[in-house]
file input.csv (CSV, C-alpha atoms)
chain,number,residue,atom,x,y,z
A,1,THR,CA,-51.9,36.9,-147.1
A,2,ARG,CA,-54.6,39.1,-148.7
A,3,PRO,CA,-55.6,39.3,-152.4
A,4,GLU,CA,-54.6,43.0,-152.6
A,5,ARG,CA,-51.3,42.3,-150.8
A,6,PRO,CA,-50.1,38.9,-151.6
A,7,GLY,CA,-47.2,37.4,-149.6
A,8,ILE,CA,-46.4,36.4,-146.1
A,9,VAL,CA,-47.2,38.6,-143.1
A,10,LEU,CA,-45.1,38.1,-140.0
A,11,GLN,CA,-46.6,39.1,-136.6
A,12,HIS,CA,-44.1,39.1,-133.7
A,13,GLN,CA,-45.5,38.6,-130.2
A,14,LEU,CA,-44.3,38.9,-126.7
A,15,GLY,CA,-45.4,36.0,-124.6
A,16,LEU,CA,-46.1,36.2,-120.8
A,17,PHE,CA,-47.2,33.5,-118.4
A,18,HIS,CA,-49.7,34.5,-115.7
A,19,LEU,CA,-48.8,32.5,-112.6
A,20,ASP,CA,-52.0,33.1,-110.7
A,21,GLU,CA,-54.3,32.3,-113.6
A,22,ASN,CA,-52.0,29.6,-115.0
A,23,LYS,CA,-52.3,30.8,-118.6
A,24,SER,CA,-50.3,32.3,-121.3
A,25,LEU,CA,-50.8,35.9,-122.5
A,26,TYR,CA,-49.6,37.2,-125.9
A,27,ARG,CA,-49.0,40.8,-126.8
A,28,ASN,CA,-48.6,41.8,-130.5
A,29,LEU,CA,-45.4,43.7,-131.2
A,30,PRO,CA,-44.9,46.5,-133.7
A,31,ALA,CA,-43.2,45.6,-137.0
A,32,GLY,CA,-39.5,45.3,-136.8
A,33,CYS,CA,-39.3,44.0,-133.2
A,34,GLN,CA,-37.2,40.9,-134.0
A,35,HIS,CA,-34.5,40.6,-131.4
A,36,PRO,CA,-35.0,41.3,-127.7
A,37,VAL,CA,-31.9,43.2,-126.4
A,38,THR,CA,-32.7,44.0,-122.7
A,39,ILE,CA,-35.8,44.0,-120.4
A,40,SER,CA,-36.7,45.4,-117.0
A,41,PRO,CA,-40.1,44.0,-115.8
A,42,ARG,CA,-39.9,46.3,-112.7
A,43,GLN,CA,-39.7,49.4,-114.9
A,44,ASP,CA,-42.2,47.9,-117.5
A,45,ARG,CA,-39.7,48.4,-120.3
A,46,ILE,CA,-38.1,46.2,-123.0
A,47,VAL,CA,-35.8,47.1,-125.9
A,48,PHE,CA,-36.0,45.3,-129.3
A,49,HIS,CA,-33.8,45.6,-132.3
A,50,GLY,CA,-34.7,44.9,-135.9
A,51,PRO,CA,-34.5,46.4,-139.5
A,52,ASP,CA,-36.0,49.7,-138.2
A,53,GLY,CA,-33.5,50.1,-135.4
A,54,TYR,CA,-34.0,50.1,-131.7
A,55,GLN,CA,-37.5,50.2,-130.3
A,56,LEU,CA,-38.5,50.9,-126.7
A,57,LEU,CA,-41.7,49.2,-125.6
A,58,ASN,CA,-43.7,48.6,-122.5
A,59,LEU,CA,-44.7,45.0,-121.6
A,60,LYS,CA,-48.1,45.5,-123.3
A,61,GLY,CA,-46.3,45.8,-126.6
A,62,ARG,CA,-46.9,49.5,-127.1
A,63,ARG,CA,-44.0,51.4,-128.7
A,64,GLN,CA,-42.7,54.3,-126.7
A,65,LEU,CA,-39.5,55.2,-128.7
A,66,LEU,CA,-37.9,54.4,-132.1
A,67,LEU,CA,-34.2,54.9,-132.7
A,68,THR,CA,-33.5,54.6,-136.4
A,69,ASP,CA,-30.2,56.4,-136.8
A,70,ALA,CA,-27.3,54.2,-138.0
A,71,VAL,CA,-25.1,55.6,-135.2
A,72,TRP,CA,-26.8,53.2,-132.8
A,73,GLY,CA,-25.3,50.1,-134.5
A,74,ASP,CA,-26.6,46.7,-135.4
A,75,GLY,CA,-28.0,45.7,-132.1
A,76,ASN,CA,-25.4,43.1,-131.4
A,77,ALA,CA,-23.5,45.0,-128.7
A,78,GLY,CA,-26.2,44.8,-126.0
A,79,ALA,CA,-28.0,47.4,-123.9
A,80,ALA,CA,-28.9,47.8,-120.2
A,81,PHE,CA,-31.5,49.9,-118.3
A,82,HIS,CA,-30.3,52.1,-115.5
A,83,PRO,CA,-31.7,50.7,-112.2
A,84,THR,CA,-33.0,54.0,-110.8
A,85,ARG,CA,-33.2,56.4,-113.7
A,86,PRO,CA,-35.0,56.3,-117.1
A,87,VAL,CA,-31.6,56.3,-118.9
A,88,PHE,CA,-30.4,53.2,-120.7
A,89,ALA,CA,-27.0,52.3,-122.1
A,90,VAL,CA,-26.5,51.0,-125.6
A,91,GLY,CA,-23.3,49.1,-126.6
A,92,GLY,CA,-21.3,50.2,-129.6
A,93,SER,CA,-18.5,52.3,-130.8
A,94,PRO,CA,-18.8,54.5,-128.9
A,95,LEU,CA,-20.9,53.1,-126.0
A,96,ALA,CA,-23.7,55.6,-125.4
A,97,LEU,CA,-26.3,56.6,-122.9
A,98,TYR,CA,-29.8,57.7,-123.9
A,99,ASP,CA,-32.4,59.6,-121.9
A,100,PRO,CA,-35.8,58.9,-123.5
A,101,ILE,CA,-37.6,61.6,-121.6
A,102,HIS,CA,-35.4,64.5,-122.9
A,103,ARG,CA,-34.5,62.6,-126.2
A,104,GLN,CA,-30.8,63.1,-125.4
A,105,ARG,CA,-28.0,60.9,-126.5
A,106,THR,CA,-24.7,61.0,-124.6
A,107,SER,CA,-21.7,59.4,-126.3
A,108,LEU,CA,-19.0,58.1,-124.0
A,109,SER,CA,-15.4,58.4,-125.1
A,110,PHE,CA,-14.8,54.7,-125.6
A,111,ALA,CA,-16.2,51.6,-127.3
A,112,GLY,CA,-18.0,48.9,-125.3
A,113,ARG,CA,-20.4,46.1,-125.5
A,114,CYS,CA,-22.6,44.0,-123.2
A,115,PRO,CA,-23.2,46.8,-120.6
A,116,VAL,CA,-24.4,45.9,-117.1
A,117,TRP,CA,-25.1,48.4,-114.3
A,118,THR,CA,-24.3,47.9,-110.7
A,119,SER,CA,-27.3,47.8,-108.4
A,120,ASP,CA,-26.7,51.4,-107.1
A,121,GLY,CA,-26.5,52.7,-110.7
A,122,ARG,CA,-23.2,54.4,-110.2
A,123,CYS,CA,-20.9,52.0,-112.2
A,124,MET,CA,-21.3,50.0,-115.4
A,125,PHE,CA,-19.5,46.9,-116.4
A,126,PHE,CA,-18.7,46.5,-120.1
A,127,SER,CA,-16.4,44.5,-122.4
A,128,THR,CA,-14.6,45.3,-125.6
A,129,SER,CA,-14.3,41.6,-126.7
A,130,SER,CA,-15.0,38.2,-125.3
A,131,SER,CA,-11.7,38.3,-123.5
A,132,ASP,CA,-11.9,41.2,-121.1
A,133,LEU,CA,-14.1,43.1,-118.6
A,134,HIS,CA,-14.0,46.8,-117.6
A,135,LEU,CA,-15.7,49.0,-115.1
A,136,TYR,CA,-16.9,52.6,-115.8
A,137,ASP,CA,-17.7,55.0,-113.0
A,138,SER,CA,-20.4,57.4,-114.2
A,139,GLU,CA,-19.7,59.9,-111.4
A,140,THR,CA,-16.0,60.4,-112.0
A,141,GLY,CA,-15.8,59.2,-115.6
A,142,GLY,CA,-13.0,56.8,-114.6
A,143,ARG,CA,-12.4,53.4,-116.2
A,144,GLU,CA,-10.8,50.3,-114.7
A,145,GLU,CA,-9.8,47.1,-116.3
A,146,ILE,CA,-11.1,44.2,-114.2
A,147,LEU,CA,-9.6,41.3,-116.2
A,148,SER,CA,-8.2,40.5,-119.6
A,149,ILE,CA,-6.5,37.6,-121.3
A,150,LEU,CA,-2.8,38.4,-121.6
A,151,ALA,CA,-1.2,38.5,-125.1
A,152,ASN,CA,-4.5,37.9,-126.8
A,153,ARG,CA,-3.6,39.0,-130.3
A,154,TYR,CA,-6.8,38.0,-132.0
A,155,PRO,CA,-9.8,39.2,-129.9
A,156,GLU,CA,-13.3,38.5,-131.1
A,157,THR,CA,-16.8,39.7,-130.1
A,158,LYS,CA,-19.2,36.9,-131.2
A,159,LYS,CA,-18.8,35.1,-127.9
A,160,SER,CA,-19.1,38.2,-125.7
A,161,ARG,CA,-21.7,37.9,-122.9
A,162,PRO,CA,-22.9,40.3,-120.2
A,163,VAL,CA,-21.2,39.8,-116.9
A,164,GLN,CA,-23.4,38.1,-114.3
A,165,LEU,CA,-23.3,39.8,-110.9
A,166,SER,CA,-24.2,38.0,-107.6
A,167,PRO,CA,-27.2,39.4,-105.7
A,168,ASP,CA,-24.9,41.1,-103.2
A,169,GLY,CA,-22.7,42.6,-105.9
A,170,ARG,CA,-19.5,41.2,-104.6
A,171,TYR,CA,-18.9,38.4,-107.1
A,172,PHE,CA,-19.1,38.2,-110.9
A,173,ALA,CA,-19.2,35.4,-113.4
A,174,LEU,CA,-18.1,35.8,-117.1
A,175,PRO,CA,-17.2,33.4,-119.9
A,176,VAL,CA,-13.9,34.5,-121.6
A,177,THR,CA,-12.5,33.2,-124.9
A,178,ARG,CA,-9.0,33.2,-126.3
A,179,ARG,CA,-8.9,32.8,-130.1
A,180,SER,CA,-5.8,31.9,-132.1
A,181,PRO,CA,-5.3,30.8,-135.8
A,182,TYR,CA,-4.1,27.4,-136.8
A,183,HIS,CA,-1.0,27.2,-138.9
A,184,ALA,CA,-2.1,27.5,-142.6
A,185,GLU,CA,-0.1,24.4,-143.6
A,186,SER,CA,-1.8,22.2,-140.9
A,187,VAL,CA,-5.4,23.1,-141.7
A,188,ARG,CA,-7.5,20.8,-143.8
A,189,PRO,CA,-10.4,22.1,-145.9
A,190,ASP,CA,-13.0,20.6,-143.5
A,191,GLN,CA,-11.4,22.1,-140.4
A,192,PRO,CA,-11.9,25.5,-138.8
A,193,LEU,CA,-9.3,28.2,-139.3
A,194,TRP,CA,-9.3,29.3,-135.6
A,195,SER,CA,-9.0,27.6,-132.2
A,196,GLU,CA,-11.1,28.9,-129.4
A,197,ASN,CA,-10.2,28.1,-125.7
A,198,GLN,CA,-12.9,29.2,-123.3
A,199,SER,CA,-13.1,29.4,-119.5
A,200,LEU,CA,-15.7,30.5,-116.9
A,201,VAL,CA,-14.1,33.2,-114.7
A,202,ILE,CA,-15.5,33.8,-111.2
A,203,GLY,CA,-14.3,37.0,-109.6
A,204,ASP,CA,-14.4,38.5,-106.1
A,205,LEU,CA,-14.5,42.2,-106.4
A,206,GLU,CA,-13.9,42.8,-102.7
A,207,ARG,CA,-10.7,40.7,-102.4
A,208,ARG,CA,-9.8,41.2,-106.0
A,209,GLU,CA,-9.3,37.5,-106.7
A,210,ILE,CA,-10.4,35.4,-109.7
A,211,TRP,CA,-10.9,31.7,-110.3
A,212,GLN,CA,-11.1,29.9,-113.7
A,213,LEU,CA,-13.0,26.8,-114.8
A,214,PRO,CA,-11.7,25.7,-118.2
A,215,GLY,CA,-14.3,24.5,-120.8
A,216,PRO,CA,-17.0,25.9,-123.1
A,217,VAL,CA,-19.6,28.1,-121.5
A,218,ASP,CA,-22.5,29.8,-123.3
A,219,GLN,CA,-24.5,31.3,-120.5
A,220,CYS,CA,-24.3,31.4,-116.7
A,221,CYS,CA,-26.3,32.8,-113.8
A,222,TRP,CA,-26.2,32.9,-110.0
A,223,VAL,CA,-28.4,30.7,-107.9
A,224,GLY,CA,-29.7,32.1,-104.5
A,225,ILE,CA,-32.2,34.6,-103.3
A,226,SER,CA,-30.4,36.0,-100.3
A,227,LYS,CA,-28.1,39.0,-100.6
A,228,LYS,CA,-26.2,37.8,-97.6
A,229,LYS,CA,-25.5,34.3,-98.9
A,230,THR,CA,-24.9,33.5,-102.6
A,231,GLU,CA,-24.2,30.3,-104.3
A,232,PRO,CA,-22.6,30.2,-107.8
call {"tool": "encode", "arguments": {"input": "input.csv", "output": "structure tokens"}}
result
Amino acid sequence: TRPERPGIVLQHQLGLFHLDENKSLYRNLPAGCQHPVTISPRQDRIVFHGPDGYQLLNLKGRRQLLLTDAVWGDGNAGAAFHPTRPVFAVGGSPLALYDPIHRQRTSLSFAGRCPVWTSDGRCMFFSTSSSDLHLYDSETGGREEILSILANRYPETKKSRPVQLSPDGRYFALPVTRRSPYHAESVRPDQPLWSENQSLVIGDLERREIWQLPGPVDQCCWVGISKKKTEP
């Protein structure tokens, strides 16, 4: 607060921990960087979203790009950096690709959220809700449904999560949710209107098999450092 500008000033920071020096480092972020959306330390890039739209920064907190157009959405549909090219995908309706070097936006012909690229950069996984998973081939333009909950009449997006791929790219892990309404006559004022049944789905992309573990799941990841042997 300053006399000429009374009020509260918020300064967002990016925190890093230096392993060799055993200390924390903090980088001041530009105004409007409220929610981290995706990061690639290898490419020295991170995307934030806030009231000003999407912002592309390096890990020193310096802004490289600002996308303010409302066509980009509210930042809740996720984003993903391409593993070999400067392009990154932004979830929404439609799902879109953006080339920051040429300032070029390419809208795909379908809606999608929580995009995740395969390691070779050819294909991209995405969801339309928390109850399905699809695969997009960027070379052919083809799309394939990997899984979906049958007869799911009330899909929702708030529990959508990016699919987690194993290091060798063969397996995936994804929480899925089936939502259904309670009968109006049986719901008390202090009860929720919807029931949500969740499962963790593990899939084998090579054998095209899936397994389910019933129960609530918020986040999941793969444990293992070898691309030859992976443990879920």
call {"tool": "closest_residue", "arguments": {"input": "input.csv", "among": "A:Ser129, A:Asn58, A:Asn76, A:Ser199", "to": "Tyr154 of chain A", "atoms": "only C-alpha atoms"}}
result
A:Ser129
call {"tool": "residues_around", "arguments": {"input": "input.csv", "residues": "Leu65 of chain A", "least_positions_apart": "6", "cutoff": "8 Å", "atoms": "all atoms listed in the file", "output": "ChimeraX atom specification"}}
result
/A:55-57,100
call {"tool": "closest_residue", "arguments": {"input": "input.csv", "among": "A:Gly142, A:Pro167, A:Pro83, A:Pro3", "to": "Ser40 of chain A", "atoms": "all atoms listed in the file"}}
result
A:Pro83
call {"tool": "closest_residue", "arguments": {"input": "input.csv", "among": "A:Ile39, A:Leu97, A:Ala31, A:Asp74", "to": "Gly53 of chain A", "atoms": "only C-alpha atoms"}}
result
A:Asp74
call {"tool": "closest_residue", "arguments": {"input": "input.csv", "among": "A:Thr128, A:Thr157, A:Ser148, A:Thr38", "to": "Ala89 of chain A", "atoms": "all atoms listed in the file"}}
result
A:Thr38
call {"tool": "atom_distance", "arguments": {"input": "input.csv", "atom1": "atom CA of Glu145 of chain A", "atom2": "atom CA of Val90 of chain A"}}
result
19.5 Å
call {"tool": "closest_residue", "arguments": {"input": "input.csv", "among": "A:Arg113, A:His49, A:Lys23, A:Arg179", "to": "Leu150 of chain A", "atoms": "only C-alpha atoms"}}
result
A:Arg179
call {"tool": "closest_residue", "arguments": {"input": "input.csv", "among": "A:Arg143, A:His134, A:Trp117, A:Pro30", "to": "Leu165 of chain A", "atoms": "only C-alpha atoms"}}
result
A:Trp117
call {"tool": "atom_distance", "arguments": {"input": "input.csv", "atom1": "atom CA of Val87 of chain A", "atom2": "atom CA of Gln43 of chain A"}}
result
11.4 Å
call {"tool": "atom_distance", "arguments": {"input": "input.csv", "atom1": "atom CA of Phe172 of chain A", "atom2": "atom CA of Arg207 of chain A"}}
result
12.2 Å
call {"tool": "residues_around", "arguments": {"input": "input.csv", "residues": "Cys220 of chain A", "least_positions_apart": "2", "cutoff": "12 Å", "atoms": "only C-alpha atoms", "output": "list in words"}}
result
Arg161, Pro162, Val163, Gln164, Leu165, Ser166, Phe172, Ala173, Leu174, Pro175, Val176, Ser199, Leu200, Val201, Ile202, Pro216, Val217, Asp218, Trp222, Val223 and Pro232 of chain A
